[in-house]
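Visitor: mmCIF, C-alpha atoms, file start_3.cif:
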```
data_model
#
loop_
_atom_site.label_atom_id
_atom_site.label_comp_id
_atom_site.auth_asym_id
_atom_site.auth_seq_id
_atom_site.Cartn_x
_atom_site.Cartn_y
_atom_site.Cartn_z
CA MET E 26 129.48 93.22 102.19
CA ILE E 27 131.38 96.45 101.79
CA LEU E 28 130.12 99.94 102.53
CA ILE E 29 130.56 102.60 99.84
CA ASN E 30 130.24 106.31 100.64
CA TYR E 31 129.95 109.15 98.14
CA PHE E 32 130.64 112.76 98.98
CA ALA E 33 130.04 116.31 97.74
CA ARG E 34 129.57 116.64 93.97
CA TYR E 35 129.74 112.88 93.46
CA ARG E 36 126.95 112.31 95.99
CA GLU E 37 124.80 114.85 94.15
CA GLN E 38 125.54 113.65 90.63
CA LEU E 39 125.05 109.99 91.51
CA GLY E 40 122.04 110.71 93.72
CA ILE E 41 123.25 108.45 96.51
CA GLU E 42 125.05 108.98 99.84
CA GLY E 43 126.06 105.42 100.51
CA GLU E 44 125.26 101.80 99.87
CA LYS E 45 126.31 98.28 100.70
CA ILE E 46 127.27 95.82 98.04
CA ALA E 47 128.17 92.17 98.27
CA LEU E 48 131.79 91.31 97.73
CA ASP E 49 132.36 88.58 95.19
CA GLY E 50 135.48 86.98 93.80
CA SER E 51 135.90 89.51 91.01
CA LEU E 52 136.02 92.53 93.34
CA LYS E 53 139.57 92.56 94.65
CA THR E 54 140.50 96.24 94.55
CA ILE E 55 138.82 99.61 94.74
CA ASP E 56 139.34 99.93 91.01
CA ASP E 57 137.33 96.72 90.49
CA VAL E 58 134.48 98.29 92.45
CA ARG E 59 134.76 101.47 90.44
CA LYS E 60 134.48 99.54 87.17
CA ARG E 61 131.57 97.46 88.44
CA LEU E 62 129.69 100.62 89.44
CA GLY E 63 130.55 102.24 86.11
CA ALA E 64 128.48 99.58 84.37
CA ARG E 65 125.36 101.11 85.93
CA GLY E 66 125.19 103.84 83.28
CA ALA E 67 126.71 106.92 81.70
CA ILE E 68 126.70 109.18 84.77
CA TRP E 69 128.40 106.48 86.87
CA ARG E 70 131.02 105.92 84.20
CA GLU E 71 131.59 109.63 83.81
CA VAL E 72 131.84 110.53 87.51
CA LEU E 73 133.83 107.53 88.72
CA GLY E 74 136.00 107.74 85.60
CA GLU E 75 137.31 111.22 86.40
CA THR E 76 141.10 111.26 86.48
CA SER E 77 141.00 113.51 89.55
CA LEU E 78 138.85 111.04 91.51
CA MET E 79 139.98 110.49 95.08
CA CYS E 80 139.20 107.42 97.15
CA ALA E 81 139.56 106.19 100.70
CA LEU E 82 139.78 102.76 102.30
CA ASN E 83 138.60 102.51 105.90
CA GLN E 84 138.79 106.29 106.22
CA GLU E 85 142.33 106.69 104.89
CA LEU E 86 143.30 108.06 101.50
CA CYS E 87 144.43 105.38 99.08
CA THR E 88 144.91 104.70 95.39
CA PRO E 89 142.37 102.76 93.30
CA ALA E 90 144.82 99.84 93.35
CA ALA E 91 144.19 99.30 97.08
CA PRO E 92 143.01 95.73 97.81
CA ILE E 93 139.67 95.39 99.60
CA GLU E 94 138.28 92.85 102.05
CA ASP E 95 134.85 92.01 103.38
CA PHE E 96 133.40 94.67 105.75
CA ASP E 97 135.69 97.38 104.41
CA GLU E 98 134.42 100.95 104.19
CA ILE E 99 135.38 102.67 100.97
CA ALA E 100 134.59 106.13 99.64
CA PHE E 101 134.69 108.01 96.37
CA PHE E 102 134.90 111.80 96.23
CA PRO E 103 136.15 114.71 94.13
CA GLN E 104 139.31 116.59 95.01
CA VAL E 105 139.14 118.01 98.50
CA THR E 106 138.79 121.78 98.95
CA GLY E 107 139.08 122.53 102.66
CA GLY E 108 141.21 125.12 104.39
CA MET H 14 143.19 119.37 121.85
CA ALA H 15 145.42 118.88 118.84
CA VAL H 16 142.65 118.45 116.29
CA GLN H 17 139.09 119.71 116.36
CA VAL H 18 136.26 119.78 113.80
CA GLN H 19 133.35 122.01 114.76
CA THR H 20 130.49 124.16 113.48
CA GLU H 21 131.01 126.92 116.06
CA LEU H 22 133.26 129.96 115.70
CA PHE H 23 136.58 129.75 117.53
CA ASP H 24 138.43 132.26 119.69
CA LEU H 25 141.81 133.17 118.16
CA GLY H 26 143.21 134.61 121.38
CA GLU H 27 142.31 131.54 123.37
CA LEU H 28 143.75 129.14 120.78
CA THR H 29 146.98 131.11 120.45
CA HIS H 30 147.42 131.41 124.22
CA GLY H 31 146.85 127.66 124.57
CA LEU H 32 149.81 127.02 122.30
CA HIS H 33 152.39 128.35 124.75
CA ALA H 34 150.69 128.66 128.14
CA GLU H 35 152.70 127.15 131.00
CA ASP H 36 155.63 126.11 128.79
CA PRO H 37 158.47 128.64 129.10
CA GLY H 38 160.56 126.53 126.71
CA ILE H 39 158.43 127.70 123.79
CA GLY H 40 160.02 130.63 122.00
CA ALA H 41 157.93 130.73 118.83
CA VAL H 42 154.28 130.42 117.90
CA ALA H 43 153.18 130.64 114.27
CA THR H 44 149.50 130.70 113.38
CA PHE H 45 147.48 130.72 110.20
CA VAL H 46 143.79 131.57 109.89
CA GLY H 47 141.79 131.03 106.71
CA TYR H 48 138.68 133.20 106.19
CA VAL H 49 135.63 133.08 103.91
CA ARG H 50 136.18 135.60 101.09
CA ASP H 51 133.36 137.57 99.48
CA ARG H 52 134.55 136.74 95.94
CA ASN H 53 135.85 133.71 94.08
CA GLN H 54 136.67 133.33 90.39
CA GLY H 55 135.15 136.74 89.68
CA ASP H 56 131.81 136.02 91.34
CA LYS H 57 130.32 137.35 94.53
CA VAL H 58 130.05 134.76 97.30
CA ASN H 59 127.23 135.07 99.82
CA HIS H 60 128.30 132.22 102.07
CA LEU H 61 129.91 128.79 102.06
CA TYR H 62 128.77 125.36 103.11
CA LEU H 63 131.52 122.98 104.23
CA GLU H 64 130.83 119.27 103.83
CA HIS H 65 133.15 116.67 105.35
CA TYR H 66 133.57 112.93 105.97
CA PRO H 67 132.92 112.47 109.70
CA GLY H 68 135.45 110.10 111.19
CA MET H 69 137.90 110.27 108.32
CA THR H 70 138.19 114.03 108.75
CA GLU H 71 139.49 113.77 112.30
CA ARG H 72 141.74 110.82 111.42
CA SER H 73 143.30 112.55 108.43
CA LEU H 74 143.91 115.78 110.36
CA GLN H 75 145.58 113.81 113.16
CA LEU H 76 147.71 112.01 110.59
CA ILE H 77 148.85 115.35 109.14
CA VAL H 78 149.68 116.66 112.62
CA ASP H 79 151.65 113.46 113.35
CA GLN H 80 153.64 113.97 110.14
CA ALA H 81 154.46 117.56 111.14
CA HIS H 82 155.78 116.28 114.49
CA GLU H 83 157.99 113.80 112.65
CA ARG H 84 159.46 116.50 110.42
CA TRP H 85 160.09 119.32 112.91
CA PRO H 86 160.82 119.62 116.63
CA LEU H 87 157.43 120.97 117.73
CA GLN H 88 156.10 121.44 121.24
CA ARG H 89 152.42 121.84 120.37
CA VAL H 90 150.15 121.85 117.34
CA THR H 91 146.53 122.96 117.25
CA LEU H 92 144.34 122.49 114.20
CA VAL H 93 140.70 123.57 114.19
CA HIS H 94 138.50 123.32 111.09
CA ARG H 95 134.91 124.44 110.86
CA VAL H 96 132.14 122.70 108.90
CA GLY H 97 128.56 123.57 107.97
CA LEU H 98 127.35 127.06 107.12
CA LEU H 99 130.09 129.73 107.09
CA LYS H 100 129.44 133.40 106.46
CA VAL H 101 131.69 135.83 104.57
CA GLY H 102 134.40 137.14 106.88
CA GLU H 103 134.18 134.23 109.27
CA PRO H 104 137.20 132.04 109.99
CA ILE H 105 137.27 128.56 108.40
CA VAL H 106 140.47 127.07 109.73
CA PHE H 107 143.07 127.70 112.43
CA VAL H 108 146.53 126.18 112.39
CA GLY H 109 148.88 126.96 115.26
CA VAL H 110 152.36 125.61 115.88
CA ALA H 111 154.62 126.11 118.90
CA SER H 112 158.35 125.39 118.90
CA GLU H 113 161.58 126.63 120.42
CA HIS H 114 162.60 128.62 117.36
CA ARG H 115 160.74 130.34 114.55
CA HIS H 116 161.81 128.35 111.48
CA ALA H 117 160.22 125.10 112.64
CA ALA H 118 157.02 126.97 113.53
CA PHE H 119 156.80 128.82 110.19
CA ASP H 120 157.59 125.77 108.09
CA ALA H 121 155.36 123.36 109.97
CA CYS H 122 152.47 125.83 109.78
CA ALA H 123 152.81 126.05 105.96
CA PHE H 124 153.18 122.27 105.69
CA LEU H 125 150.05 121.65 107.75
CA MET H 126 147.98 123.96 105.55
CA ASP H 127 149.35 122.54 102.29
CA TYR H 128 148.63 118.97 103.38
CA LEU H 129 145.24 119.85 104.83
CA LYS H 130 144.15 121.45 101.56
CA THR H 131 144.98 118.36 99.51
CA ARG H 132 144.45 115.44 101.93
CA ALA H 133 141.69 116.21 104.42
CA PRO H 134 138.14 115.34 103.27
CA PHE H 135 136.43 118.74 103.22
CA TRP H 136 134.46 120.16 100.30
CA LYS H 137 133.35 123.78 99.87
CA ARG H 138 130.03 124.63 98.31
CA GLU H 139 129.70 128.29 97.36
CA HIS H 140 126.41 130.12 97.44
CA THR H 141 126.52 132.95 94.88
CA PRO H 142 123.77 135.32 93.66
CA SER H 143 123.37 133.10 90.57
CA GLY H 144 123.17 129.80 92.44
CA GLU H 145 125.24 127.19 94.21
CA ARG H 146 128.38 125.43 93.02
CA TRP H 147 131.06 123.08 94.33
CA VAL H 148 134.54 124.56 94.53
CA GLU H 149 136.93 122.47 92.42
CA GLY H 150 140.40 121.45 93.56
CA ARG H 151 143.26 123.62 92.31
CA GLU H 152 146.45 122.52 90.64
CA SER H 153 148.37 125.22 92.56
CA ASP H 154 147.31 123.60 95.85
CA ARG H 155 148.58 120.22 94.67
CA ARG H 156 151.90 121.76 93.62
CA ALA H 157 152.21 123.46 97.00
CA ALA H 158 151.70 120.14 98.79
CA ASN H 159 154.09 118.30 96.49
CA ARG H 160 157.00 120.60 97.34
CA TRP H 161 157.21 118.94 100.77
CA ASP H 162 157.82 115.54 99.17
CA ALA H 163 161.10 116.63 97.60
#
```
Turn this file's structure into structure tokens for me.
Guide:
Amino acid sequence: MILINYFARYREQLGIEGEKIALDGSLKTIDDVRKRLGARGAIWREVLGETSLMCALNQELCTPAAPIEDFDEIAFFPQVTGG
Amino acid sequence: MAVQVQTELFDLGELTHGLHAEDPGIGAVATFVGYVRDRNQGDKVNHLYLEHYPGMTERSLQLIVDQAHERWPLQRVTLVHRVGLLKVGEPIVFVGVASEHRHAAFDACAFLMDYLKTRAPFWKREHTPSGERWVEGRESDRRAANRWDA
């Protein structure tokens, strides 16, 4: 199982804060997860397909190419706007 | 306290004093404070709501502070960021840097803000008279952060 968190505009547009999904052999990177989730429908494809999408692996920024393992915590969110 | 995320207001005098108190080797303190403005992109702003990623927020801020220490000879760094409901005129963020000489303090302060704005998981939601909206990331902020990679 991996934990997926969604923040800010993504959380609102997707209507979900977080979820757990089972890791199978075809989910090796964050990008694999993104594509799998995109198959859920247009809004998922649109939001997670944004070129400005940011992601994190175990609470550190990473690229979609980052490899994932069981029990990882990943997150998808729009560009950060603090400060 | 190098890094702090909180809902409460902070005391600028106290934070600034804490940067050099009891260390006579410190000759320079540079600070930056970001405030909630009453306008953005031509619209009036009533207040802001700051969302963040608890856990990752603190980790990413500490990582940015660690990077500043690697780049400049700094005695102390203090970084405080507020979350939750913020009213117009209230402070959002405090960055303070103490060093022997001014250049390290000035540069590190700018670096910390540039990195914070593009790498720490905070999101601003503006409440305007015509409704609420998420603030979108700015290309100018990304360019400002990229200049430190050169």
Visitor: List the residues selected by the PyMOL selection byres ((chain H) within 7 of (chain E)) in the file shown, writing them as a VMD selection string.
Guide: chain H and resid 47 64 69 73 105 to 106 126 129 to 137 147 to 150
Visitor: In Å, how far is it from atom CA of His65 of chain H to atom CA of Gln88 of chain H?
Guide: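 Spanning atom CA of His65 of chain H to atom CA of Gln88 of chain H is a straight-line distance of 28.3 Å.
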Visitor: Evaluating the PyMOL selection byres ((chain H and resi 23) around 9) on the displayed file yields which residues, as a CSV table (one decimal) with C-alpha atoms, in the frame of the given file?
Guide:
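In the end it all went to expr-v9.csv:
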```
chain,number,residue,atom,x,y,z
H,19,GLN,CA,133.4,122.0,114.8
H,21,GLU,CA,131.0,126.9,116.1
H,22,LEU,CA,133.3,130.0,115.7
H,24,ASP,CA,138.4,132.3,119.7
H,25,LEU,CA,141.8,133.2,118.2
H,27,GLU,CA,142.3,131.5,123.4
H,28,LEU,CA,143.8,129.1,120.8
H,93,VAL,CA,140.7,123.6,114.2
H,95,ARG,CA,134.9,124.4,110.9
H,104,PRO,CA,137.2,132.0,110.0
H,107,PHE,CA,143.1,127.7,112.4
```
Visitor: For Glu75 of chain E, which of E:Glu37, E:Lys53, E:Ala90, E:Arg59 is the closest residue, counting only C-alpha atoms?
Guide: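 Among E:Glu37, E:Lys53, E:Ala90, E:Arg59, it is E:Arg59 that comes nearest to Glu75 of chain E.
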Visitor: Kindly resolve the PyMOL selection byres ((chain E and resi 45) around 10) on the present coordinates and return the residues as an mmCIF file with C-alpha atoms, in the frame of the given file.
Guide:
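Wrote expr-v5.cif, looks like this:
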```cif
data_model
loop_
_atom_site.group_PDB
_atom_site.id
_atom_site.type_symbol
_atom_site.label_atom_id
_atom_site.label_comp_id
_atom_site.auth_asym_id
_atom_site.auth_seq_id
_atom_site.Cartn_x
_atom_site.Cartn_y
_atom_site.Cartn_z
ATOM 1 C CA MET E 26 129.480 93.220 102.190
ATOM 2 C CA ILE E 27 131.380 96.450 101.790
ATOM 3 C CA LEU E 28 130.120 99.940 102.530
ATOM 4 C CA ILE E 29 130.560 102.600 99.840
ATOM 5 C CA ASN E 30 130.240 106.310 100.640
ATOM 6 C CA GLY E 43 126.060 105.420 100.510
ATOM 7 C CA GLU E 44 125.260 101.800 99.870
ATOM 8 C CA ILE E 46 127.270 95.820 98.040
ATOM 9 C CA ALA E 47 128.170 92.170 98.270
ATOM 10 C CA LEU E 48 131.790 91.310 97.730
ATOM 11 C CA PHE E 96 133.400 94.670 105.750
ATOM 12 C CA GLU E 98 134.420 100.950 104.190
#
```
Visitor: Please list as a list in words every residue within 9 Å of Gln80 of chain H, counting all atoms listed in the file and excluding residues in the same chain fewer than 5 positions away.
Guide: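 Answer for this query is Gln75, Trp85 and Leu125 of chain H.
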Visitor: Between atom CA of Lys60 of chain E and atom CA of Leu73 of chain E, what is the distance in Å, rounded to a tenth?
Guide: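 Rounded to one decimal, the two atoms are 8.2 Å apart.
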Visitor: Which residue, E:Cys80, E:Glu71, E:Gln38, E:Arg61, has the smallest gap to Phe101 of chain E when you use all atoms listed in the file?
Guide: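 Closest to Phe101 of chain E of all the choices is E:Cys80.
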Visitor: So how many Å separate atom CA of Ala15 of chain H and atom CA of Leu61 of chain H, to one decimal?
Guide: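 These two atoms are separated by 24.9 Å.
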Visitor: When you count only C-alpha atoms, which of these residues is closest to Asp95 of chain E: E:Gly74, E:Tyr35, E:Thr54, E:Ile41?
Guide: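 Using only C-alpha atoms, Asp95 of chain E sits closest to E:Thr54.
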Visitor: Which residues are close to Asp162 of chain H, i.e. within 12 Å by all atoms listed in the file, leaving aside same-chain residues fewer than 5 positions away? Reply as a PDB file with C-alpha atoms, in the frame of the given file.
Guide:
```
ATOM      1  CA  GLN H  80     153.640 113.970 110.140  1.00  0.00           C
ATOM      2  CA  ARG H  84     159.460 116.500 110.420  1.00  0.00           C
ATOM      3  CA  PHE H 124     153.180 122.270 105.690  1.00  0.00           C
ATOM      4  CA  ASP H 127     149.350 122.540 102.290  1.00  0.00           C
ATOM      5  CA  TYR H 128     148.630 118.970 103.380  1.00  0.00           C
ATOM      6  CA  ARG H 155     148.580 120.220  94.670  1.00  0.00           C
ATOM      7  CA  ARG H 156     151.900 121.760  93.620  1.00  0.00           C
ATOM      8  CA  ALA H 157     152.210 123.460  97.000  1.00  0.00           C
TER       9      ALA H 157
END
```
Visitor: Please determine, counting all atoms listed in the file, which residue among H:Ala163, H:Leu87, H:Ala123, H:Val101 has the shortest atom-to-atom distance to Val58 of chain H.
Guide: H:Val101
Visitor: Return the single residue from H:Val16, H:Leu98, H:Ala111, H:Ile39 that is closest to Tyr62 of chain H, with distances computed using only C-alpha atoms.
Guide: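 Ranked by minimum distance to Tyr62 of chain H, first place goes to H:Leu98.
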Visitor: Find the spatial neighbours of segment 29-33 of chain H, counting all atoms listed in the file, within a cut-off of 8 Å - ignore same-chain residues fewer than 6 positions away - and output them as a PDB file with C-alpha atoms, in the frame of the given file.
Guide:
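What follows is the written file out11.pdb:
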```pdb
ATOM      1  CA  ILE H  39     158.430 127.700 123.790  1.00  0.00           C
ATOM      2  CA  VAL H  42     154.280 130.420 117.900  1.00  0.00           C
ATOM      3  CA  THR H  44     149.500 130.700 113.380  1.00  0.00           C
ATOM      4  CA  ARG H  89     152.420 121.840 120.370  1.00  0.00           C
ATOM      5  CA  VAL H  90     150.150 121.850 117.340  1.00  0.00           C
ATOM      6  CA  THR H  91     146.530 122.960 117.250  1.00  0.00           C
ATOM      7  CA  GLY H 109     148.880 126.960 115.260  1.00  0.00           C
ATOM      8  CA  VAL H 110     152.360 125.610 115.880  1.00  0.00           C
ATOM      9  CA  ALA H 111     154.620 126.110 118.900  1.00  0.00           C
TER      10      ALA H 111
END
```
